[in-house]
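Asker: Below is the file work34.txt, with compact mmCIF, C-alpha atoms.
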# COMPACT_ATOMS: atom_id res chain seq x y z
CA MET T 534 -2.25 23.28 -27.05
CA ASP T 535 -1.23 23.55 -23.40
CA GLU T 536 2.49 23.92 -24.07
CA GLY T 537 4.08 26.71 -22.05
CA VAL T 538 1.10 26.92 -19.67
CA ILE T 539 1.64 26.85 -15.90
CA LYS T 540 -0.13 23.76 -14.57
CA TYR T 541 0.73 24.04 -10.89
CA ASN T 542 -0.88 26.40 -8.37
CA CYS T 543 1.45 29.38 -8.53
CA HIS T 544 1.70 31.59 -5.44
CA TRP T 545 3.58 34.59 -6.79
CA VAL T 546 4.97 37.17 -4.42
CA LYS T 547 6.05 40.11 -6.52
CA GLY T 548 9.50 41.21 -5.47
CA GLU T 549 12.77 42.79 -6.52
CA PRO T 550 15.15 41.09 -8.99
CA VAL T 551 17.98 38.99 -7.60
CA ALA T 552 21.42 40.59 -7.65
CA SER T 553 22.95 40.20 -11.11
CA TYR T 554 26.34 39.11 -9.73
CA SER T 555 24.70 36.05 -8.14
CA ILE T 556 23.28 34.79 -11.43
CA THR T 557 25.97 35.80 -13.92
CA ASP T 558 26.61 32.22 -15.05
CA LEU T 559 22.90 31.43 -15.12
CA MET T 560 22.23 34.38 -17.43
CA LYS T 561 25.16 33.46 -19.70
CA LYS T 562 24.06 29.83 -19.99
CA ARG T 563 20.48 30.78 -20.75
CA ASP T 564 21.46 33.28 -23.46
CA PHE T 565 23.96 30.80 -24.93
CA MET T 566 21.25 28.15 -25.20
CA TYR T 567 19.04 30.72 -26.90
CA SER T 568 21.82 31.50 -29.40
CA LEU T 569 21.97 27.79 -30.29
CA GLY T 570 18.21 27.62 -30.83
CA LEU T 571 17.80 25.25 -27.88
CA ILE T 572 15.67 27.82 -26.08
CA GLY T 573 13.24 29.93 -28.06
CA VAL T 574 9.80 30.06 -29.66
CA TYR T 575 8.15 27.83 -32.28
CA GLU T 576 6.48 29.33 -35.34
CA ASN T 577 3.10 28.85 -33.64
CA GLY T 578 4.19 31.17 -30.83
CA ILE T 579 4.73 28.48 -28.19
CA GLY T 580 7.89 29.07 -26.17
CA PHE T 581 10.28 26.38 -24.95
CA GLY T 582 13.26 25.97 -22.66
CA ASN T 583 14.40 27.23 -19.26
CA VAL T 584 17.37 27.16 -16.88
CA SER T 585 17.76 27.22 -13.11
CA GLN T 586 20.34 27.10 -10.33
CA ARG T 587 20.04 26.02 -6.72
CA ILE T 588 20.58 28.54 -3.93
CA ASN T 589 23.38 27.20 -1.72
CA ASP T 590 22.35 24.00 0.09
CA SER T 591 18.63 24.77 0.21
CA ASN T 592 15.79 23.47 -1.95
CA GLN T 593 15.20 27.01 -3.17
CA PHE T 594 16.33 27.89 -6.66
CA ILE T 595 16.42 30.70 -9.21
CA ILE T 596 14.72 30.03 -12.54
CA THR T 597 13.80 31.87 -15.71
CA GLY T 598 10.37 33.43 -15.68
CA THR T 599 7.43 32.14 -17.69
CA GLN T 600 6.79 33.66 -21.13
CA THR T 601 10.39 34.85 -21.56
CA THR T 602 11.70 32.41 -24.17
CA HIS T 603 11.13 34.87 -27.04
CA LEU T 604 13.78 37.23 -25.64
CA GLU T 605 17.35 37.01 -26.94
CA THR T 606 18.86 38.05 -23.63
CA LEU T 607 17.43 37.99 -20.12
CA GLY T 608 18.44 40.38 -17.40
CA PRO T 609 17.82 39.80 -13.66
CA GLU T 610 14.30 41.21 -14.05
CA PHE T 611 13.33 38.03 -15.94
CA TYR T 612 14.35 35.59 -13.21
CA THR T 613 12.52 34.62 -10.05
CA VAL T 614 13.24 32.67 -6.87
CA VAL T 615 11.26 29.52 -6.08
CA THR T 616 11.03 29.68 -2.28
CA ASP T 617 8.76 26.72 -1.58
CA PHE T 618 6.92 23.89 -3.32
CA ASN T 619 4.63 20.99 -2.51
CA ILE T 620 4.53 18.29 -5.15
CA GLU T 621 1.60 16.42 -3.64
CA GLU T 622 -0.50 19.59 -3.55
CA ASN T 623 0.73 20.73 -6.98
CA SER T 624 1.71 24.11 -5.59
CA LEU T 625 4.74 26.34 -5.83
CA THR T 626 5.66 29.71 -4.33
CA CYS T 627 7.98 32.11 -6.12
CA CYS T 628 9.22 35.61 -5.35
CA GLY T 629 10.53 38.05 -7.94
CA PRO T 630 9.56 40.38 -10.80
CA VAL T 631 7.96 37.54 -12.82
CA LYS T 632 6.22 34.21 -12.29
CA ALA T 633 8.35 31.08 -12.43
CA SER T 634 8.61 28.90 -15.55
CA SER T 635 5.90 26.36 -16.22
CA GLU T 636 8.53 23.62 -15.76
CA SER T 637 9.47 24.77 -12.24
CA LEU T 638 7.85 21.81 -10.49
CA THR T 639 10.02 19.43 -12.52
CA HIS T 640 13.16 21.39 -11.57
CA ALA T 641 11.98 21.29 -7.95
CA ALA T 642 11.67 17.49 -8.06
CA ILE T 643 15.27 17.11 -9.29
CA TYR T 644 16.69 19.47 -6.68
CA TYR T 645 14.64 17.77 -3.97
CA TYR T 646 15.75 14.26 -4.94
CA GLN T 647 19.46 14.96 -5.46
CA PRO T 648 20.92 17.59 -3.10
CA GLU T 649 24.24 17.67 -4.99
CA ILE T 650 22.58 18.94 -8.17
CA MET T 651 23.18 22.69 -8.54
CA GLY T 652 22.08 23.49 -12.10
CA ILE T 653 19.38 22.35 -14.54
CA ILE T 654 18.88 23.11 -18.24
CA HIS T 655 15.72 22.26 -20.18
CA ILE T 656 15.98 22.56 -23.95
CA HIS T 657 14.08 21.49 -27.07
CA ASN T 658 15.71 19.79 -30.03
CA SER T 659 13.69 17.55 -32.31
CA GLN T 660 16.53 15.48 -33.79
CA LEU T 661 18.28 14.92 -30.47
CA TRP T 662 14.95 14.15 -28.78
CA GLN T 663 14.13 11.44 -31.31
CA GLU T 664 17.64 10.02 -31.26
CA LEU T 665 17.91 9.80 -27.46
CA MET T 666 14.39 8.45 -26.88
CA TYR T 667 14.66 5.32 -24.70
CA LYS T 668 18.46 5.33 -25.06
CA VAL T 669 18.70 7.55 -21.99
CA PRO T 670 16.20 7.74 -19.10
CA THR T 671 12.87 8.57 -20.74
CA SER T 672 9.64 9.62 -19.05
CA ASN T 673 6.37 7.85 -19.75
CA GLN T 674 4.66 9.27 -22.82
CA GLU T 675 1.40 9.61 -20.90
CA VAL T 676 2.90 11.91 -18.27
CA PRO T 677 2.44 15.65 -19.03
CA TYR T 678 5.09 18.26 -18.23
CA GLY T 679 4.94 20.56 -15.23
CA THR T 680 2.68 18.32 -13.12
CA PRO T 681 2.99 16.27 -9.92
CA GLN T 682 2.87 13.19 -12.16
CA MET T 683 6.00 14.39 -13.96
CA ALA T 684 7.72 15.11 -10.64
CA LYS T 685 6.96 11.57 -9.50
CA GLU T 686 8.12 10.25 -12.86
CA ILE T 687 11.43 12.01 -12.23
CA PHE T 688 11.70 10.09 -8.93
CA ARG T 689 11.01 6.83 -10.79
CA LEU T 690 13.73 7.58 -13.33
CA PHE T 691 16.20 8.19 -10.51
CA ASP T 692 15.23 4.90 -8.85
CA GLU T 693 14.83 2.65 -11.88
CA GLU T 694 16.79 4.08 -14.83
CA LYS T 695 19.98 5.50 -13.29
CA LEU T 696 19.01 9.10 -13.98
CA GLY T 697 21.46 10.20 -11.30
CA VAL T 698 24.30 8.70 -13.35
CA GLU T 699 23.12 9.74 -16.82
CA LYS T 700 22.13 13.26 -15.73
CA ILE T 701 19.93 13.65 -18.80
CA LEU T 702 16.37 12.63 -19.57
CA VAL T 703 14.00 12.71 -22.52
CA MET T 704 10.42 13.83 -21.90
CA ALA T 705 8.46 11.47 -24.15
CA GLY T 706 5.17 13.25 -23.41
CA HIS T 707 6.63 16.71 -24.05
CA GLU T 708 7.66 16.83 -27.70
CA ASP T 709 11.31 17.77 -28.26
CA GLY T 710 11.83 18.25 -24.50
CA ILE T 711 15.17 17.25 -22.91
CA ILE T 712 16.50 18.03 -19.43
CA SER T 713 20.10 17.85 -18.26
CA PHE T 714 21.60 18.69 -14.89
CA GLY T 715 24.83 18.56 -12.95
CA LYS T 716 26.95 19.71 -10.05
CA ASP T 717 26.94 23.08 -11.80
CA LEU T 718 25.55 24.63 -14.95
CA ASP T 719 28.76 23.91 -16.86
CA GLU T 720 28.27 20.17 -16.39
CA ALA T 721 24.61 20.38 -17.41
CA ALA T 722 25.51 22.39 -20.52
CA ASN T 723 28.43 20.15 -21.50
CA ILE T 724 26.22 17.05 -21.40
CA LEU T 725 23.89 18.66 -23.93
CA LEU T 726 26.64 20.16 -26.08
CA ASN T 727 28.59 16.90 -26.32
CA LEU T 728 25.48 14.99 -27.35
CA SER T 729 24.53 17.73 -29.81
CA LYS T 730 28.00 17.61 -31.39
CA LYS T 731 27.84 13.84 -31.71
CA GLN T 732 24.38 14.08 -33.22
CA GLU T 733 25.58 16.78 -35.63
CA ALA T 734 28.56 14.64 -36.63
CA ARG T 735 26.25 11.68 -37.28
CA SER T 736 23.97 13.91 -39.33
CA LYS T 737 26.91 15.10 -41.44
CA LYS T 738 28.06 11.51 -42.00
CA GLN T 739 24.54 10.53 -42.97
CA GLU T 740 24.36 13.54 -45.29
CA ALA T 741 27.70 12.55 -46.85
CA ARG T 742 26.48 8.96 -47.32
CA SER T 743 23.28 10.27 -48.87
CA LYS T 744 25.25 12.45 -51.28
CA LYS T 745 27.45 9.51 -52.25
CA GLN T 746 24.38 7.37 -52.76
CA GLU T 747 22.82 10.14 -54.83
CA ALA T 748 26.01 10.40 -56.92
CA ARG T 749 26.01 6.63 -57.45
CA SER T 750 22.36 6.76 -58.42
CA LYS T 751 23.06 9.52 -60.93
CA LYS T 752 25.95 7.53 -62.40
CA GLN T 753 23.74 4.48 -62.61
CA GLU T 754 21.03 6.56 -64.24
CA ALA T 755 23.59 7.95 -66.74
CA ARG T 756 24.79 4.42 -67.52
CA SER T 757 21.20 3.29 -67.95
CA LYS T 758 20.54 6.17 -70.35
CA LYS T 759 23.66 5.32 -72.34
CA GLN T 760 22.59 1.68 -72.46
CA GLU T 761 19.14 2.76 -73.55
CA ALA T 762 20.66 4.97 -76.28
CA ARG T 763 22.86 2.08 -77.47
CA SER T 764 19.83 -0.20 -77.50
CA LYS T 765 17.86 2.32 -79.57
CA LYS T 766 20.75 2.63 -82.03
CA GLN T 767 20.98 -1.15 -82.26
CA GLU T 768 17.24 -1.31 -82.81
CA ALA T 769 17.51 1.34 -85.54
CA ARG T 770 20.33 -0.59 -87.21
CA SER T 771 18.28 -3.79 -87.01
CA LYS T 772 15.31 -2.07 -88.65
CA LYS T 773 17.52 -0.72 -91.42
CA GLN T 774 18.97 -4.15 -91.94
CA GLU T 775 15.47 -5.60 -92.04
CA ALA T 776 14.41 -2.96 -94.59
CA ARG T 777 17.44 -3.73 -96.77
CA SER T 778 16.67 -7.43 -96.55
CA LYS T 779 13.09 -6.81 -97.68
CA LYS T 780 14.28 -4.67 -100.61
CA GLN T 781 16.73 -7.39 -101.56
CA GLU T 782 13.92 -9.94 -101.39
CA VAL T 783 11.73 -7.78 -103.65
CA ARG T 784 14.56 -7.36 -106.17
CA SER T 785 15.19 -11.11 -106.16
CA LYS T 786 11.53 -11.83 -106.87
CA LYS T 787 11.51 -9.30 -109.71
CA GLN T 788 14.63 -10.90 -111.14
CA GLU T 789 13.02 -14.30 -110.89
CA VAL T 790 9.94 -13.07 -112.76
CA ARG T 791 12.07 -11.56 -115.55
CA SER T 792 14.03 -14.81 -115.86
CA LYS T 793 10.85 -16.80 -116.36
CA LYS T 794 9.76 -14.49 -119.15
Could you write out this file's structure as structure tokens?
Answerer:
Amino acid sequence: MDEGVIKYNCHWVKGEPVASYSITDLMKKRDFMYSLGLIGVYENGIGFGNVSQRINDSNQFIITGTQTTHLETLGPEFYTVVTDFNIEENSLTCCGPVKASSESLTHAAIYYYQPEIMGIIHIHNSQLWQELMYKVPTSNQEVPYGTPQMAKEIFRLFDEEKLGVEKILVMAGHEDGIISFGKDLDEAANILLNLSKKQEARSKKQEARSKKQEARSKKQEARSKKQEARSKKQEARSKKQEARSKKQEVRSKKQEVRSKK
């Protein structure tokens, strides 16, 4: 599997962490997403999810470092600054204590295309991913994550599928992958949380319907068993009646024989 692997040419300049006060909200949002299981690690060890925020009006942004999704909380030492990128050349430059996330080129494409976007959240959720597929802007299944092709696919979604209005996309070629964004991280998070709540409510309704159906099935099964028991009793009574009739027939024949004598 190539999940979680950096696919762009990463030019990493090792540097000091960014000031914690400048990324307070970023750190809170990332750790909150982790607490919800929307950022984390699969059983096979593959990590998923990342968050970023734009720096002022530039195309530079701060993003979680690669190979950090297994950590419950991330301090400033686990974030890095993307200072430059070139989508056509599949290259990205970052400066900080760690290398940038493998999804950084996709974040870069969104920031580049829509200057008003200030925060991006990438999460994984299987149920939500399946439910939203092709109901919101959805990338081509053949396009892999973290590549120039995905960056260009982002541009297509902006142009053809109103991604700028929806502010959420499903990555069809990146299983369970969903990206939301907004004028700040609160908007990006609320988009995901509102959809997650709706999906959870639908799941509970479906579960309730399933339980009702199961209860009806059990009642039907109980009725069928009762009917079966009644049928068996009726059958037993019929056999007894048949046996009595045969005995009566035998007695009648015996009586007839004695009468003839």
Asker: Considering all atoms listed in the file, can you say which of T:Gln660, T:Ser713, T:Ser634, T:Thr606 comes closest to Gly679 (chain T)?
Answerer: T:Ser634
Asker: Between CA of Val551 (chain T) and CA of Thr613 (chain T), what is the spacing in Å?
Answerer: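 So the two atoms, CA of Thr613 (chain T) and CA of Val551 (chain T), lie 7.4 Å apart.
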Asker: Write out as a list of chain:residue names each polymer residue whose atoms come within 7 Å of Ile654 (chain T), counting all atoms listed in the file; drop sequence neighbours fewer than 2 positions from it.
Answerer: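 Selected residues are T:Asn583, T:Val584, T:Ser585, T:Gly652, T:Ile656, T:Ile712, T:Ser713, T:Phe714, T:Ala721.
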Asker: Include C-alpha atoms and write out the residues we just selected as a compact mmCIF listing (two decimals), keeping the file's coordinate frame.
Answerer:
# COMPACT_ATOMS: atom_id res chain seq x y z
CA ASN T 583 14.40 27.23 -19.26
CA VAL T 584 17.37 27.16 -16.88
CA SER T 585 17.76 27.22 -13.11
CA GLY T 652 22.08 23.49 -12.10
CA ILE T 656 15.98 22.56 -23.95
CA ILE T 712 16.50 18.03 -19.43
CA SER T 713 20.10 17.85 -18.26
CA PHE T 714 21.60 18.69 -14.89
CA ALA T 721 24.61 20.38 -17.41
Asker: What is the CA of Lys695 (chain T) to CA of Ala633 (chain T) distance in Å?
Answerer: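 Result for CA of Lys695 (chain T) versus CA of Ala633 (chain T): 28.1 Å, one decimal.
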Asker: Choose the residue, out of T:Glu675, T:Glu754, T:Glu610, T:Glu621, that has the smallest atom-to-atom separation from Ile596 (chain T); count only C-alpha atoms.
Answerer: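 Distance minimum relative to Ile596 (chain T) lands on T:Glu610.
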Asker: Give me the residues within 9 Å of Ser729 (chain T) as a PyMOL selection string, counting only C-alpha atoms and dropping any in the same chain fewer than 5 places off.
Answerer: chain T and resi 661+724+734
Asker: From the options T:Leu718, T:Ile579, T:Ala755, T:Val615, which residue's atoms come nearest to Asp558 (chain T), counting only C-alpha atoms?
Answerer: T:Leu718
Asker: Measure the distance from CA of Met651 (chain T) to CA of Tyr575 (chain T) in Å and round it to one decimal.
Answerer: 28.6 Å
Asker: Would you please work out which residue, of T:Leu728, T:Gly573, T:Pro609, T:Thr601, is nearest to Pro550 (chain T) when using only C-alpha atoms?
Answerer: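 Under the stated criterion, the closest residue is T:Pro609.
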Asker: Could you give me, as number ranges by chain, the residues that sit within 9 Å of (17.1, 34.5, -27.3) in the file's coordinates, counting all atoms listed in the file?
Answerer: T: 563-570, 572-574, 601-607
Asker: Within 9 Å of Gln593 (chain T), counting only C-alpha atoms, which residues show up once you throw out same-chain ones fewer than 2 positions away? Write them as a PyMOL selection string, please.
Answerer: chain T and resi 586-591+595+614-618+641+644
Asker: Which residue, T:Lys765, T:His544, T:Lys668, T:Lys773, has the smallest gap to Leu696 (chain T) when you use all atoms listed in the file?
Answerer: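 The shortest atom-to-atom distance to Leu696 (chain T) comes from T:Lys668.
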Asker: Would you mind telling me which residue in T:Glu694, T:Glu782, T:Glu720, T:Asp709 lies nearest to Tyr667 (chain T) when using only C-alpha atoms?
Answerer: T:Glu694
Asker: Which polymer residues have any atom within 12 Å of an atom of Pro681 (chain T), counting only C-alpha atoms, with same-chain residues fewer than 4 positions away left out, as a ChimeraX atom specification?
Answerer: /T:540-542,618-625,636-642,676-677,685-688
Asker: Would you export the selected residues with C-alpha atoms as an mmCIF file, in the frame of the given file, please?
Answerer:
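Listing of result27.cif after writing:
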data_model
loop_
_atom_site.group_PDB
_atom_site.id
_atom_site.type_symbol
_atom_site.label_atom_id
_atom_site.label_comp_id
_atom_site.auth_asym_id
_atom_site.auth_seq_id
_atom_site.Cartn_x
_atom_site.Cartn_y
_atom_site.Cartn_z
ATOM 1 C CA LYS T 540 -0.130 23.760 -14.570
ATOM 2 C CA TYR T 541 0.730 24.040 -10.890
ATOM 3 C CA ASN T 542 -0.880 26.400 -8.370
ATOM 4 C CA PHE T 618 6.920 23.890 -3.320
ATOM 5 C CA ASN T 619 4.630 20.990 -2.510
ATOM 6 C CA ILE T 620 4.530 18.290 -5.150
ATOM 7 C CA GLU T 621 1.600 16.420 -3.640
ATOM 8 C CA GLU T 622 -0.500 19.590 -3.550
ATOM 9 C CA ASN T 623 0.730 20.730 -6.980
ATOM 10 C CA SER T 624 1.710 24.110 -5.590
ATOM 11 C CA LEU T 625 4.740 26.340 -5.830
ATOM 12 C CA GLU T 636 8.530 23.620 -15.760
ATOM 13 C CA SER T 637 9.470 24.770 -12.240
ATOM 14 C CA LEU T 638 7.850 21.810 -10.490
ATOM 15 C CA THR T 639 10.020 19.430 -12.520
ATOM 16 C CA HIS T 640 13.160 21.390 -11.570
ATOM 17 C CA ALA T 641 11.980 21.290 -7.950
ATOM 18 C CA ALA T 642 11.670 17.490 -8.060
ATOM 19 C CA VAL T 676 2.900 11.910 -18.270
ATOM 20 C CA PRO T 677 2.440 15.650 -19.030
ATOM 21 C CA LYS T 685 6.960 11.570 -9.500
ATOM 22 C CA GLU T 686 8.120 10.250 -12.860
ATOM 23 C CA ILE T 687 11.430 12.010 -12.230
ATOM 24 C CA PHE T 688 11.700 10.090 -8.930
#
Asker: Taking N, CA and C atoms as the atom set, what does region 671-706 of chain T look like once completed, written as an mmCIF file, keeping the file's coordinate frame?
Answerer:
data_model
loop_
_atom_site.group_PDB
_atom_site.id
_atom_site.type_symbol
_atom_site.label_atom_id
_atom_site.label_comp_id
_atom_site.auth_asym_id
_atom_site.auth_seq_id
_atom_site.Cartn_x
_atom_site.Cartn_y
_atom_site.Cartn_z
ATOM 1 N N THR T 671 13.959 7.943 -19.979
ATOM 2 C CA THR T 671 12.870 8.570 -20.740
ATOM 3 C C THR T 671 11.571 8.470 -19.952
ATOM 4 N N SER T 672 10.897 9.604 -19.801
ATOM 5 C CA SER T 672 9.640 9.620 -19.050
ATOM 6 C C SER T 672 8.525 8.965 -19.842
ATOM 7 N N ASN T 673 7.525 8.480 -19.118
ATOM 8 C CA ASN T 673 6.370 7.850 -19.750
ATOM 9 C C ASN T 673 5.656 8.855 -20.649
ATOM 10 N N GLN T 674 5.282 8.393 -21.833
ATOM 11 C CA GLN T 674 4.660 9.270 -22.820
ATOM 12 C C GLN T 674 3.331 9.852 -22.334
ATOM 13 N N GLU T 675 2.701 9.168 -21.387
ATOM 14 C CA GLU T 675 1.400 9.610 -20.900
ATOM 15 C C GLU T 675 1.506 10.694 -19.826
ATOM 16 N N VAL T 676 2.708 10.957 -19.370
ATOM 17 C CA VAL T 676 2.900 11.910 -18.270
ATOM 18 C C VAL T 676 3.145 13.316 -18.825
ATOM 19 N N PRO T 677 2.280 14.287 -18.518
ATOM 20 C CA PRO T 677 2.440 15.650 -19.030
ATOM 21 C C PRO T 677 3.492 16.430 -18.250
ATOM 22 N N TYR T 678 4.066 17.440 -18.886
ATOM 23 C CA TYR T 678 5.090 18.260 -18.230
ATOM 24 C C TYR T 678 4.468 19.113 -17.128
ATOM 25 N N GLY T 679 5.335 19.570 -16.221
ATOM 26 C CA GLY T 679 4.940 20.560 -15.230
ATOM 27 C C GLY T 679 3.858 20.139 -14.261
ATOM 28 N N THR T 680 3.744 18.834 -13.991
ATOM 29 C CA THR T 680 2.680 18.320 -13.120
ATOM 30 C C THR T 680 3.287 17.462 -12.007
ATOM 31 N N PRO T 681 2.509 17.184 -10.949
ATOM 32 C CA PRO T 681 2.990 16.270 -9.920
ATOM 33 C C PRO T 681 3.330 14.897 -10.502
ATOM 34 N N GLN T 682 2.586 14.479 -11.522
ATOM 35 C CA GLN T 682 2.870 13.190 -12.160
ATOM 36 C C GLN T 682 4.277 13.183 -12.773
ATOM 37 N N MET T 683 4.658 14.316 -13.391
ATOM 38 C CA MET T 683 6.000 14.390 -13.960
ATOM 39 C C MET T 683 7.051 14.397 -12.859
ATOM 40 N N ALA T 684 6.783 15.101 -11.768
ATOM 41 C CA ALA T 684 7.720 15.110 -10.640
ATOM 42 C C ALA T 684 7.932 13.696 -10.115
ATOM 43 N N LYS T 685 6.860 12.948 -9.976
ATOM 44 C CA LYS T 685 6.960 11.570 -9.500
ATOM 45 C C LYS T 685 7.632 10.678 -10.533
ATOM 46 N N GLU T 686 7.437 10.996 -11.795
ATOM 47 C CA GLU T 686 8.120 10.250 -12.860
ATOM 48 C C GLU T 686 9.620 10.485 -12.782
ATOM 49 N N ILE T 687 10.012 11.704 -12.431
ATOM 50 C CA ILE T 687 11.430 12.010 -12.230
ATOM 51 C C ILE T 687 11.992 11.104 -11.127
ATOM 52 N N PHE T 688 11.252 10.958 -10.025
ATOM 53 C CA PHE T 688 11.700 10.090 -8.930
ATOM 54 C C PHE T 688 11.875 8.648 -9.430
ATOM 55 N N ARG T 689 10.933 8.197 -10.262
ATOM 56 C CA ARG T 689 11.010 6.830 -10.790
ATOM 57 C C ARG T 689 12.263 6.656 -11.655
ATOM 58 N N LEU T 690 12.556 7.668 -12.470
ATOM 59 C CA LEU T 690 13.730 7.580 -13.330
ATOM 60 C C LEU T 690 15.015 7.536 -12.498
ATOM 61 N N PHE T 691 15.046 8.256 -11.400
ATOM 62 C CA PHE T 691 16.200 8.190 -10.510
ATOM 63 C C PHE T 691 16.336 6.779 -9.925
ATOM 64 N N ASP T 692 15.218 6.197 -9.524
ATOM 65 C CA ASP T 692 15.230 4.900 -8.850
ATOM 66 C C ASP T 692 15.446 3.728 -9.800
ATOM 67 N N GLU T 693 14.871 3.813 -11.003
ATOM 68 C CA GLU T 693 14.830 2.650 -11.880
ATOM 69 C C GLU T 693 15.717 2.748 -13.127
ATOM 70 N N GLU T 694 16.074 3.942 -13.558
ATOM 71 C CA GLU T 694 16.790 4.080 -14.830
ATOM 72 C C GLU T 694 18.109 4.848 -14.719
ATOM 73 N N LYS T 695 18.662 4.906 -13.508
ATOM 74 C CA LYS T 695 19.980 5.500 -13.290
ATOM 75 C C LYS T 695 20.071 6.943 -13.796
ATOM 76 N N LEU T 696 19.011 7.705 -13.558
ATOM 77 C CA LEU T 696 19.010 9.100 -13.980
ATOM 78 C C LEU T 696 20.116 9.882 -13.282
ATOM 79 N N GLY T 697 20.410 9.515 -12.030
ATOM 80 C CA GLY T 697 21.460 10.200 -11.300
ATOM 81 C C GLY T 697 22.835 10.030 -11.923
ATOM 82 N N VAL T 698 23.027 8.954 -12.666
ATOM 83 C CA VAL T 698 24.300 8.700 -13.350
ATOM 84 C C VAL T 698 24.303 9.357 -14.727
ATOM 85 N N GLU T 699 23.220 9.195 -15.461
ATOM 86 C CA GLU T 699 23.120 9.740 -16.820
ATOM 87 C C GLU T 699 23.038 11.261 -16.826
ATOM 88 N N LYS T 700 22.303 11.811 -15.866
ATOM 89 C CA LYS T 700 22.130 13.260 -15.730
ATOM 90 C C LYS T 700 21.478 13.907 -16.952
ATOM 91 N N ILE T 701 20.691 13.134 -17.662
ATOM 92 C CA ILE T 701 19.930 13.650 -18.800
ATOM 93 C C ILE T 701 18.701 12.778 -18.976
ATOM 94 N N LEU T 702 17.590 13.404 -19.336
ATOM 95 C CA LEU T 702 16.370 12.630 -19.570
ATOM 96 C C LEU T 702 15.602 13.208 -20.746
ATOM 97 N N VAL T 703 14.878 12.331 -21.409
ATOM 98 C CA VAL T 703 14.000 12.710 -22.520
ATOM 99 C C VAL T 703 12.567 12.692 -22.004
ATOM 100 N N MET T 704 11.816 13.734 -22.319
ATOM 101 C CA MET T 704 10.420 13.830 -21.900
ATOM 102 C C MET T 704 9.547 13.339 -23.059
ATOM 103 N N ALA T 705 9.188 12.070 -23.023
ATOM 104 C CA ALA T 705 8.460 11.470 -24.150
ATOM 105 C C ALA T 705 7.100 12.127 -24.366
ATOM 106 N N GLY T 706 6.482 12.614 -23.290
ATOM 107 C CA GLY T 706 5.170 13.250 -23.410
ATOM 108 C C GLY T 706 5.231 14.737 -23.620
#
